[in-house]
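The file input12.pdb comes next; it holds PDB, C-alpha atoms and all ligand atoms.
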ATOM      1  CA  MET A 548     150.055 191.791  19.354
ATOM      2  CA  LEU A 549     152.528 190.003  21.588
ATOM      3  CA  GLN A 550     155.341 191.711  19.697
ATOM      4  CA  THR A 551     153.806 195.120  20.473
ATOM      5  CA  ALA A 552     153.411 194.200  24.149
ATOM      6  CA  ARG A 553     156.983 192.896  24.308
ATOM      7  CA  GLY A 554     158.282 196.102  22.688
ATOM      8  CA  LEU A 555     156.387 198.264  25.189
ATOM      9  CA  SER A 556     157.674 196.106  28.023
ATOM     10  CA  HIS A 557     161.272 196.616  26.902
ATOM     11  CA  GLU A 558     160.703 200.379  26.507
ATOM     12  CA  LEU A 559     159.602 200.478  30.150
ATOM     13  CA  GLY A 560     162.625 198.417  31.203
ATOM     14  CA  LEU A 561     160.443 195.481  32.271
ATOM     15  CA  ASP A 562     161.204 191.829  31.753
ATOM     16  CA  CYS A 563     158.391 189.806  30.246
ATOM     17  CA  VAL A 564     157.931 186.093  29.620
ATOM     18  CA  THR A 565     159.727 184.667  26.594
ATOM     19  CA  PRO A 566     157.706 182.903  23.874
ATOM     20  CA  ALA A 567     159.017 179.560  25.227
ATOM     21  CA  ALA A 568     157.813 180.312  28.749
ATOM     22  CA  GLY A 569     154.574 181.807  27.419
ATOM     23  CA  SER A 570     153.731 178.654  25.521
ATOM     24  CA  VAL A 571     154.229 176.623  28.719
ATOM     25  CA  LEU A 572     151.794 178.979  30.487
ATOM     26  CA  ARG A 573     149.252 178.538  27.688
ATOM     27  CA  LEU A 574     149.687 174.762  27.834
ATOM     28  CA  LEU A 575     149.214 174.616  31.633
ATOM     29  CA  ALA A 576     146.120 176.830  31.440
ATOM     30  CA  ALA A 577     144.656 174.650  28.679
ATOM     31  CA  ALA A 578     145.561 171.337  30.367
ATOM     32  CA  GLY A 579     143.739 172.425  33.513
ATOM     33  CA  SER A 580     140.720 173.777  31.549
ATOM     34  CA  ALA A 581     141.381 176.866  33.629
ATOM     35  CA  LYS A 582     138.365 179.054  34.280
ATOM     36  CA  ALA A 583     139.761 181.302  37.018
ATOM     37  CA  MET A 584     143.380 182.385  37.219
ATOM     38  CA  VAL A 585     145.413 184.897  39.196
ATOM     39  CA  GLU A 586     148.456 186.667  37.771
ATOM     40  CA  ILE A 587     150.801 188.620  40.050
ATOM     41  CA  GLY A 588     152.699 191.123  37.881
ATOM     42  CA  THR A 589     150.560 192.244  34.938
ATOM     43  CA  GLY A 590     153.351 194.216  33.244
ATOM     44  CA  THR A 591     152.263 195.199  29.743
ATOM     45  CA  GLY A 592     150.191 192.034  29.354
ATOM     46  CA  VAL A 593     152.544 189.618  27.564
ATOM     47  CA  SER A 594     152.064 186.709  29.987
ATOM     48  CA  GLY A 595     148.379 187.633  30.397
ATOM     49  CA  VAL A 596     147.743 187.121  26.676
ATOM     50  CA  TRP A 597     149.434 183.684  26.812
ATOM     51  CA  LEU A 598     147.311 182.701  29.824
ATOM     52  CA  LEU A 599     144.093 183.977  28.213
ATOM     53  CA  ARG A 600     144.902 182.035  25.041
ATOM     54  CA  GLY A 601     145.136 178.807  27.055
ATOM     55  CA  MET A 602     142.212 179.152  29.417
ATOM     56  CA  ARG A 603     138.556 178.424  28.717
ATOM     57  CA  ALA A 604     136.721 180.909  26.512
ATOM     58  CA  ASP A 605     134.502 181.880  29.467
ATOM     59  CA  GLY A 606     137.406 182.119  31.919
ATOM     60  CA  VAL A 607     138.491 185.219  33.827
ATOM     61  CA  LEU A 608     142.071 186.304  34.496
ATOM     62  CA  THR A 609     142.521 188.320  37.685
ATOM     63  CA  THR A 610     145.730 190.268  37.256
ATOM     64  CA  ILE A 611     147.486 192.371  39.884
ATOM     65  CA  ASP A 612     150.143 195.055  39.510
ATOM     66  CA  VAL A 613     151.265 197.945  41.650
ATOM     67  CA  GLU A 614     151.772 200.188  38.580
ATOM     68  CA  ASN A 615     148.626 201.653  37.096
ATOM     69  CA  GLU A 616     150.557 202.762  33.994
ATOM     70  CA  HIS A 617     151.617 199.189  33.179
ATOM     71  CA  GLN A 618     148.031 198.003  33.553
ATOM     72  CA  ARG A 619     146.724 200.801  31.332
ATOM     73  CA  ILE A 620     148.893 199.368  28.542
ATOM     74  CA  ALA A 621     147.937 195.769  29.381
ATOM     75  CA  ARG A 622     144.212 196.630  29.277
ATOM     76  CA  ARG A 623     144.633 197.887  25.707
ATOM     77  CA  ILE A 624     146.781 194.885  24.728
ATOM     78  CA  PHE A 625     144.150 192.423  26.035
ATOM     79  CA  LEU A 626     141.425 194.153  24.008
ATOM     80  CA  GLU A 627     143.563 194.311  20.858
ATOM     81  CA  ALA A 628     144.374 190.611  21.288
ATOM     82  CA  GLY A 629     140.632 189.927  21.090
ATOM     83  CA  PHE A 630     139.769 189.442  24.773
ATOM     84  CA  ALA A 631     136.692 191.352  25.967
ATOM     85  CA  SER A 632     137.063 193.382  29.155
ATOM     86  CA  SER A 633     134.770 190.859  30.887
ATOM     87  CA  ARG A 634     137.614 188.306  30.567
ATOM     88  CA  THR A 635     139.987 190.269  32.802
ATOM     89  CA  ARG A 636     139.773 191.641  36.319
ATOM     90  CA  ILE A 637     142.594 194.152  36.617
ATOM     91  CA  ILE A 638     143.454 195.096  40.199
ATOM     92  CA  THR A 639     145.962 197.836  41.023
ATOM     93  CA  GLY A 640     147.833 197.330  44.277
ATOM     94  CA  ARG A 641     150.681 195.568  45.999
ATOM     95  CA  ALA A 642     150.390 191.794  45.706
ATOM     96  CA  LEU A 643     150.555 191.144  49.435
ATOM     97  CA  ASP A 644     147.771 193.690  50.073
ATOM     98  CA  VAL A 645     145.485 192.370  47.323
ATOM     99  CA  LEU A 646     145.929 188.584  47.674
ATOM    100  CA  PRO A 647     144.247 188.348  51.116
ATOM    101  CA  ARG A 648     141.077 189.801  49.526
ATOM    102  CA  LEU A 649     140.780 186.958  46.964
ATOM    103  CA  ALA A 650     138.608 183.891  47.630
ATOM    104  CA  ASP A 651     139.995 180.608  48.976
ATOM    105  CA  GLY A 652     140.263 177.444  46.886
ATOM    106  CA  VAL A 653     138.589 178.656  43.693
ATOM    107  CA  TYR A 654     141.491 179.335  41.319
ATOM    108  CA  ASP A 655     142.874 176.878  38.763
ATOM    109  CA  LEU A 656     146.232 178.568  38.215
ATOM    110  CA  VAL A 657     148.299 181.249  39.989
ATOM    111  CA  PHE A 658     151.164 182.827  38.037
ATOM    112  CA  VAL A 659     153.775 184.809  40.000
ATOM    113  CA  ASP A 660     155.987 187.287  38.121
ATOM    114  CA  ALA A 661     156.542 190.406  40.244
ATOM    115  CA  ASP A 662     158.896 191.210  43.136
ATOM    116  CA  ALA A 663     161.281 188.261  43.616
ATOM    117  CA  THR A 664     161.657 189.040  47.320
ATOM    118  CA  GLU A 665     157.929 188.264  47.716
ATOM    119  CA  PHE A 666     157.943 184.948  45.801
ATOM    120  CA  GLY A 667     157.774 182.889  49.009
ATOM    121  CA  ALA A 668     154.837 184.856  50.393
ATOM    122  CA  CYS A 669     153.065 184.652  47.006
ATOM    123  CA  ALA A 670     153.607 180.865  46.893
ATOM    124  CA  GLU A 671     152.079 180.584  50.371
ATOM    125  CA  ALA A 672     149.100 182.691  49.279
ATOM    126  CA  ALA A 673     148.711 180.474  46.193
ATOM    127  CA  LEU A 674     148.301 177.426  48.411
ATOM    128  CA  ARG A 675     145.206 179.064  49.898
ATOM    129  CA  LEU A 676     143.836 180.418  46.597
ATOM    130  CA  LEU A 677     144.181 177.259  44.470
ATOM    131  CA  ARG A 678     141.707 174.389  44.299
ATOM    132  CA  PRO A 679     143.182 170.891  44.771
ATOM    133  CA  GLY A 680     144.784 170.060  41.407
ATOM    134  CA  GLY A 681     145.390 173.756  40.703
ATOM    135  CA  VAL A 682     148.809 174.891  39.507
ATOM    136  CA  LEU A 683     151.301 177.443  40.863
ATOM    137  CA  VAL A 684     153.811 178.845  38.353
ATOM    138  CA  VAL A 685     156.651 181.163  39.412
ATOM    139  CA  ASN A 686     158.662 182.907  36.686
ATOM    140  CA  GLY A 687     162.406 183.418  37.124
ATOM    141  CA  ALA A 688     163.040 180.190  39.022
ATOM    142  CA  MET A 689     166.596 179.928  37.707
ATOM    143  CA  ALA A 690     167.481 183.496  38.731
ATOM    144  CA  ASN A 691     169.231 184.031  35.392
ATOM    145  CA  GLY A 692     171.542 181.087  36.049
ATOM    146  CA  ARG A 693     172.511 182.295  39.545
ATOM    147  CA  ILE A 694     170.324 179.714  41.295
ATOM    148  CA  SER A 695     172.960 176.986  40.958
ATOM    149  CA  ASP A 696     175.910 179.272  41.765
ATOM    150  CA  PRO A 697     176.590 178.963  45.514
ATOM    151  CA  SER A 698     178.540 182.248  45.486
ATOM    152  CA  ALA A 699     175.415 184.161  44.326
ATOM    153  CA  ARG A 700     173.942 185.505  47.561
ATOM    154  CA  ASP A 701     172.038 188.638  46.470
ATOM    155  CA  VAL A 702     168.610 189.018  48.035
ATOM    156  CA  ASP A 703     166.644 188.050  44.886
ATOM    157  CA  THR A 704     168.670 184.860  44.327
ATOM    158  CA  LEU A 705     168.441 183.883  47.992
ATOM    159  CA  THR A 706     164.654 184.345  47.999
ATOM    160  CA  ILE A 707     164.191 182.443  44.747
ATOM    161  CA  ARG A 708     166.409 179.605  46.027
ATOM    162  CA  GLU A 709     164.440 179.472  49.277
ATOM    163  CA  THR A 710     161.081 179.505  47.440
ATOM    164  CA  VAL A 711     162.135 176.647  45.138
ATOM    165  CA  ARG A 712     163.370 174.663  48.167
ATOM    166  CA  MET A 713     160.197 175.345  50.163
ATOM    167  CA  VAL A 714     157.894 174.260  47.323
ATOM    168  CA  ARG A 715     160.030 171.204  46.484
ATOM    169  CA  GLU A 716     160.030 169.993  50.080
ATOM    170  CA  ALA A 717     156.399 170.747  50.974
ATOM    171  CA  GLU A 718     153.974 167.837  51.207
ATOM    172  CA  GLU A 719     151.240 170.000  49.685
ATOM    173  CA  TRP A 720     152.915 170.435  46.284
ATOM    174  CA  ILE A 721     153.987 168.207  43.367
ATOM    175  CA  PRO A 722     156.779 170.384  41.904
ATOM    176  CA  ALA A 723     158.929 170.647  38.772
ATOM    177  CA  VAL A 724     161.354 173.260  37.459
ATOM    178  CA  ILE A 725     160.863 173.844  33.734
ATOM    179  CA  PRO A 726     163.947 175.385  32.058
ATOM    180  CA  SER A 727     162.014 177.648  29.675
ATOM    181  CA  GLY A 728     162.782 181.358  29.518
ATOM    182  CA  ALA A 729     163.970 182.565  32.925
ATOM    183  CA  GLY A 730     162.922 179.194  34.384
ATOM    184  CA  LEU A 731     159.466 178.290  35.609
ATOM    185  CA  LEU A 732     158.834 176.689  38.975
ATOM    186  CA  ALA A 733     155.566 174.807  38.477
ATOM    187  CA  ALA A 734     153.747 172.899  41.212
ATOM    188  CA  VAL A 735     150.398 171.151  41.420
ATOM    189  CA  LYS A 736     148.485 171.496  44.688
ATOM    190  CA  ARG A 737     147.667 168.045  46.081
TER     191      ARG A 737
HETATM  192  C1  LIG B 801     158.482 191.351  35.199
HETATM  193  S1  LIG B 801     157.142 192.471  35.174
HETATM  194  C2  LIG B 801     155.763 191.434  34.756
HETATM  195  C3  LIG B 801     155.788 190.991  33.350
HETATM  196  C4  LIG B 801     154.561 190.266  32.898
HETATM  197  N1  LIG B 801     154.244 189.132  33.748
HETATM  198  C5  LIG B 801     154.773 189.790  31.466
HETATM  199  O1  LIG B 801     155.366 188.727  31.259
HETATM  200  O2  LIG B 801     154.362 190.538  30.581
HETATM  201  C6  LIG B 801     156.870 192.695  36.896
HETATM  202  C7  LIG B 801     155.663 193.544  37.235
HETATM  203  O3  LIG B 801     155.418 193.403  38.637
HETATM  204  C8  LIG B 801     155.023 194.644  39.134
HETATM  205  N2  LIG B 801     155.299 194.619  40.591
HETATM  206  C9  LIG B 801     156.496 194.764  41.217
HETATM  207  N3  LIG B 801     156.350 194.608  42.549
HETATM  208  C10 LIG B 801     155.042 194.355  42.771
HETATM  209  C11 LIG B 801     154.262 194.088  43.934
HETATM  210  N4  LIG B 801     154.823 194.043  45.144
HETATM  211  N5  LIG B 801     152.942 193.869  43.794
HETATM  212  C12 LIG B 801     152.359 193.909  42.556
HETATM  213  N6  LIG B 801     153.043 194.155  41.418
HETATM  214  C13 LIG B 801     154.362 194.359  41.522
HETATM  215  C14 LIG B 801     155.802 195.676  38.353
HETATM  216  O4  LIG B 801     155.143 196.930  38.357
HETATM  217  C15 LIG B 801     155.855 195.026  36.969
HETATM  218  O5  LIG B 801     154.810 195.490  36.141
END

In structure tokens, write the structure found in this file.
Amino acid sequence: MLQTARGLSHELGLDCVTPAAGSVLRLLAAAGSAKAMVEIGTGTGVSGVWLLRGMRADGVLTTIDVENEHQRIARRIFLEAGFASSRTRIITGRALDVLPRLADGVYDLVFVDADATEFGACAEAALRLLRPGGVLVVNGAMANGRISDPSARDVDTLTIRETVRMVREAEEWIPAVIPSGAGLLAAVKR
């Protein structure tokens, strides 16, 4: 099932989480006995299946994407992977329009994998959405190796660098960068 979703993702020209990064997502969801999670960037559902596999059997994944077509594929992938439609809440819209409508302090995990220029704003929203002890995960934290190259100053790299710095320095987070896949910035909310 994940192979099908990965193939569809590549056909659409979308990146998706690698198996190494996906297994970290599953582990974090399982370690936190996650019951409520938010995903920003549904894509074709690759990361969603990893998250669903880790979270509690009665948990619900709220997943946001601006592209209805991507979510149409993801909805089918979730069902074919054995997850009933009651396990997912699929919301179509821009992340920064949808996130303010979600409840404060009730989510166990927020996974960010959409527009890199909005990573900082998504991390700030996650601070409001997560319960204490909840986990933020941002995919692409190493900006394909550009993060440590001071000459890389494109807008995506600059935003990712700034988001990693902001989360690392903030009192509210206990952070780590995990070098799996495109790099995962993970942080526990104090
Ligand atoms: C890298 S793909 C997500 C891949 C997915 N997480 C996976 O691993 O299978 C990024 C997705 O974010 C969506 N996206 C881009 N900008 C967005 C925004 N501002 N708000 C919501 N979704 C956005 C794109 O339509 C795309 O489906």

Nearest-residue call for ligand LIG 801 (chain B), choices A:Ala668, A:Ala690, A:Leu561, A:Leu646, using all atoms listed in the file: A:Leu561

Matched chain/residue IDs from the PyMOL selection byres (((chain A and resi 555-558) around 10) and not hetatm), as a list in words: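 That expression, the PyMOL selection byres (((chain A and resi 555-558) around 10) and not hetatm), corresponds here to Leu549, Gln550, Thr551, Ala552, Arg553, Gly554, Leu559, Gly560, Leu561, Asp562, Cys563, Gly590, Thr591, Gly592, Val593, His617, Ile620 and Ala621 of chain A.
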
Selected residues written out with C-alpha atoms, as a short mmCIF file (atom, residue, chain, number, x, y, z; two decimals), in the coordinates of the input:
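Heads up, here's the output in selection.cif:
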data_model
loop_
_atom_site.label_atom_id
_atom_site.label_comp_id
_atom_site.auth_asym_id
_atom_site.auth_seq_id
_atom_site.Cartn_x
_atom_site.Cartn_y
_atom_site.Cartn_z
CA LEU A 549 152.53 190.00 21.59
CA GLN A 550 155.34 191.71 19.70
CA THR A 551 153.81 195.12 20.47
CA ALA A 552 153.41 194.20 24.15
CA ARG A 553 156.98 192.90 24.31
CA GLY A 554 158.28 196.10 22.69
CA LEU A 559 159.60 200.48 30.15
CA GLY A 560 162.62 198.42 31.20
CA LEU A 561 160.44 195.48 32.27
CA ASP A 562 161.20 191.83 31.75
CA CYS A 563 158.39 189.81 30.25
CA GLY A 590 153.35 194.22 33.24
CA THR A 591 152.26 195.20 29.74
CA GLY A 592 150.19 192.03 29.35
CA VAL A 593 152.54 189.62 27.56
CA HIS A 617 151.62 199.19 33.18
CA ILE A 620 148.89 199.37 28.54
CA ALA A 621 147.94 195.77 29.38
#

Smallest atom-to-atom distance to ligand LIG 801 (chain B): which of A:Ser570, A:Thr609, A:Ser695, A:Asn686, using only C-alpha atoms and all ligand atoms? A:Asn686

Non-local contacts of A:Arg675 (8 Å; all atoms listed in the file; under 4 positions in same chain excluded) as a count of residues only: 3

Do you know which residues lie at most 12 Å from (166.3, 180.7, 46.3), with coordinates as in the file and only C-alpha atoms counted, and could you write them as a PyMOL selection string? chain A and resi 663-667+685+687-697+699-715+732

How many Å separate atom C5 of ligand LIG 801 (chain B) from atom CA of A:Asp644?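 These atoms are spaced 20.3 Å apart.
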
Pick from A:Val585, A:Trp597, A:Ala642, A:Val571, whichever lies nearest to ligand LIG 801 (chain B) using only C-alpha atoms and all ligand atoms: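 Comparing A:Val585, A:Trp597, A:Ala642, A:Val571 against ligand LIG 801 (chain B), the winner is A:Ala642.
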
Provide stretch 554-589 of chain A rebuilt to N, CA and C atoms, formatted as a PDB file, in the coordinates of the input.
ATOM      1  N   GLY A 554     157.563 194.858  22.979  1.00  0.00           N
ATOM      2  CA  GLY A 554     158.282 196.102  22.688  1.00  0.00           C
ATOM      3  C   GLY A 554     158.013 197.144  23.766  1.00  0.00           C
ATOM      4  N   LEU A 555     156.745 197.273  24.157  1.00  0.00           N
ATOM      5  CA  LEU A 555     156.387 198.264  25.189  1.00  0.00           C
ATOM      6  C   LEU A 555     157.028 197.887  26.523  1.00  0.00           C
ATOM      7  N   SER A 556     157.060 196.596  26.794  1.00  0.00           N
ATOM      8  CA  SER A 556     157.674 196.106  28.023  1.00  0.00           C
ATOM      9  C   SER A 556     159.157 196.499  28.061  1.00  0.00           C
ATOM     10  N   HIS A 557     159.841 196.276  26.951  1.00  0.00           N
ATOM     11  CA  HIS A 557     161.272 196.616  26.902  1.00  0.00           C
ATOM     12  C   HIS A 557     161.483 198.120  27.032  1.00  0.00           C
ATOM     13  N   GLU A 558     160.586 198.909  26.396  1.00  0.00           N
ATOM     14  CA  GLU A 558     160.703 200.379  26.507  1.00  0.00           C
ATOM     15  C   GLU A 558     160.610 200.830  27.962  1.00  0.00           C
ATOM     16  N   LEU A 559     159.774 200.109  28.740  1.00  0.00           N
ATOM     17  CA  LEU A 559     159.602 200.478  30.150  1.00  0.00           C
ATOM     18  C   LEU A 559     160.679 199.862  31.038  1.00  0.00           C
ATOM     19  N   GLY A 560     161.566 199.063  30.422  1.00  0.00           N
ATOM     20  CA  GLY A 560     162.625 198.417  31.203  1.00  0.00           C
ATOM     21  C   GLY A 560     162.124 197.229  32.004  1.00  0.00           C
ATOM     22  N   LEU A 561     161.016 196.636  31.559  1.00  0.00           N
ATOM     23  CA  LEU A 561     160.443 195.481  32.271  1.00  0.00           C
ATOM     24  C   LEU A 561     160.819 194.193  31.568  1.00  0.00           C
ATOM     25  N   ASP A 562     161.087 193.162  32.344  1.00  0.00           N
ATOM     26  CA  ASP A 562     161.204 191.829  31.753  1.00  0.00           C
ATOM     27  C   ASP A 562     159.797 191.344  31.444  1.00  0.00           C
ATOM     28  N   CYS A 563     159.686 190.461  30.465  1.00  0.00           N
ATOM     29  CA  CYS A 563     158.391 189.806  30.246  1.00  0.00           C
ATOM     30  C   CYS A 563     158.676 188.360  29.862  1.00  0.00           C
ATOM     31  N   VAL A 564     157.668 187.507  29.902  1.00  0.00           N
ATOM     32  CA  VAL A 564     157.931 186.093  29.620  1.00  0.00           C
ATOM     33  C   VAL A 564     158.376 185.932  28.164  1.00  0.00           C
ATOM     34  N   THR A 565     159.280 184.982  27.953  1.00  0.00           N
ATOM     35  CA  THR A 565     159.727 184.667  26.594  1.00  0.00           C
ATOM     36  C   THR A 565     158.631 183.849  25.901  1.00  0.00           C
ATOM     37  N   PRO A 566     158.690 183.756  24.561  1.00  0.00           N
ATOM     38  CA  PRO A 566     157.706 182.903  23.874  1.00  0.00           C
ATOM     39  C   PRO A 566     157.739 181.454  24.388  1.00  0.00           C
ATOM     40  N   ALA A 567     158.935 180.951  24.724  1.00  0.00           N
ATOM     41  CA  ALA A 567     159.017 179.560  25.227  1.00  0.00           C
ATOM     42  C   ALA A 567     158.280 179.425  26.554  1.00  0.00           C
ATOM     43  N   ALA A 568     158.499 180.377  27.456  1.00  0.00           N
ATOM     44  CA  ALA A 568     157.813 180.312  28.749  1.00  0.00           C
ATOM     45  C   ALA A 568     156.314 180.567  28.569  1.00  0.00           C
ATOM     46  N   GLY A 569     155.988 181.504  27.671  1.00  0.00           N
ATOM     47  CA  GLY A 569     154.574 181.807  27.419  1.00  0.00           C
ATOM     48  C   GLY A 569     153.821 180.590  26.911  1.00  0.00           C
ATOM     49  N   SER A 570     154.461 179.813  26.046  1.00  0.00           N
ATOM     50  CA  SER A 570     153.731 178.654  25.521  1.00  0.00           C
ATOM     51  C   SER A 570     153.540 177.590  26.597  1.00  0.00           C
ATOM     52  N   VAL A 571     154.451 177.534  27.580  1.00  0.00           N
ATOM     53  CA  VAL A 571     154.229 176.623  28.719  1.00  0.00           C
ATOM     54  C   VAL A 571     153.031 177.122  29.543  1.00  0.00           C
ATOM     55  N   LEU A 572     152.944 178.429  29.740  1.00  0.00           N
ATOM     56  CA  LEU A 572     151.794 178.979  30.487  1.00  0.00           C
ATOM     57  C   LEU A 572     150.486 178.646  29.779  1.00  0.00           C
ATOM     58  N   ARG A 573     150.480 178.837  28.458  1.00  0.00           N
ATOM     59  CA  ARG A 573     149.252 178.538  27.688  1.00  0.00           C
ATOM     60  C   ARG A 573     148.896 177.059  27.822  1.00  0.00           C
ATOM     61  N   LEU A 574     149.920 176.209  27.737  1.00  0.00           N
ATOM     62  CA  LEU A 574     149.687 174.762  27.834  1.00  0.00           C
ATOM     63  C   LEU A 574     149.113 174.389  29.214  1.00  0.00           C
ATOM     64  N   LEU A 575     149.693 174.958  30.285  1.00  0.00           N
ATOM     65  CA  LEU A 575     149.214 174.616  31.633  1.00  0.00           C
ATOM     66  C   LEU A 575     147.783 175.108  31.839  1.00  0.00           C
ATOM     67  N   ALA A 576     147.488 176.299  31.314  1.00  0.00           N
ATOM     68  CA  ALA A 576     146.120 176.830  31.440  1.00  0.00           C
ATOM     69  C   ALA A 576     145.132 175.948  30.678  1.00  0.00           C
ATOM     70  N   ALA A 577     145.544 175.487  29.498  1.00  0.00           N
ATOM     71  CA  ALA A 577     144.656 174.650  28.679  1.00  0.00           C
ATOM     72  C   ALA A 577     144.505 173.261  29.298  1.00  0.00           C
ATOM     73  N   ALA A 578     145.614 172.702  29.804  1.00  0.00           N
ATOM     74  CA  ALA A 578     145.561 171.337  30.367  1.00  0.00           C
ATOM     75  C   ALA A 578     144.638 171.293  31.572  1.00  0.00           C
ATOM     76  N   GLY A 579     144.597 172.394  32.327  1.00  0.00           N
ATOM     77  CA  GLY A 579     143.739 172.425  33.513  1.00  0.00           C
ATOM     78  C   GLY A 579     142.345 172.948  33.212  1.00  0.00           C
ATOM     79  N   SER A 580     142.012 173.150  31.928  1.00  0.00           N
ATOM     80  CA  SER A 580     140.720 173.777  31.549  1.00  0.00           C
ATOM     81  C   SER A 580     140.446 174.970  32.459  1.00  0.00           C
ATOM     82  N   ALA A 581     141.463 175.806  32.626  1.00  0.00           N
ATOM     83  CA  ALA A 581     141.381 176.866  33.629  1.00  0.00           C
ATOM     84  C   ALA A 581     140.236 177.834  33.343  1.00  0.00           C
ATOM     85  N   LYS A 582     139.475 178.110  34.390  1.00  0.00           N
ATOM     86  CA  LYS A 582     138.365 179.054  34.280  1.00  0.00           C
ATOM     87  C   LYS A 582     138.646 180.308  35.106  1.00  0.00           C
ATOM     88  N   ALA A 583     139.446 180.156  36.158  1.00  0.00           N
ATOM     89  CA  ALA A 583     139.761 181.302  37.018  1.00  0.00           C
ATOM     90  C   ALA A 583     141.253 181.263  37.332  1.00  0.00           C
ATOM     91  N   MET A 584     141.935 182.348  36.983  1.00  0.00           N
ATOM     92  CA  MET A 584     143.380 182.385  37.219  1.00  0.00           C
ATOM     93  C   MET A 584     143.755 183.714  37.864  1.00  0.00           C
ATOM     94  N   VAL A 585     144.863 183.676  38.608  1.00  0.00           N
ATOM     95  CA  VAL A 585     145.413 184.897  39.196  1.00  0.00           C
ATOM     96  C   VAL A 585     146.824 185.086  38.642  1.00  0.00           C
ATOM     97  N   GLU A 586     147.103 186.310  38.203  1.00  0.00           N
ATOM     98  CA  GLU A 586     148.456 186.667  37.771  1.00  0.00           C
ATOM     99  C   GLU A 586     148.971 187.779  38.672  1.00  0.00           C
ATOM    100  N   ILE A 587     150.177 187.594  39.206  1.00  0.00           N
ATOM    101  CA  ILE A 587     150.801 188.620  40.050  1.00  0.00           C
ATOM    102  C   ILE A 587     151.939 189.227  39.232  1.00  0.00           C
ATOM    103  N   GLY A 588     151.750 190.460  38.775  1.00  0.00           N
ATOM    104  CA  GLY A 588     152.699 191.123  37.881  1.00  0.00           C
ATOM    105  C   GLY A 588     152.130 191.169  36.473  1.00  0.00           C
ATOM    106  N   THR A 589     151.213 192.108  36.250  1.00  0.00           N
ATOM    107  CA  THR A 589     150.560 192.244  34.938  1.00  0.00           C
ATOM    108  C   THR A 589     151.552 192.668  33.871  1.00  0.00           C
TER     109      THR A 589
END
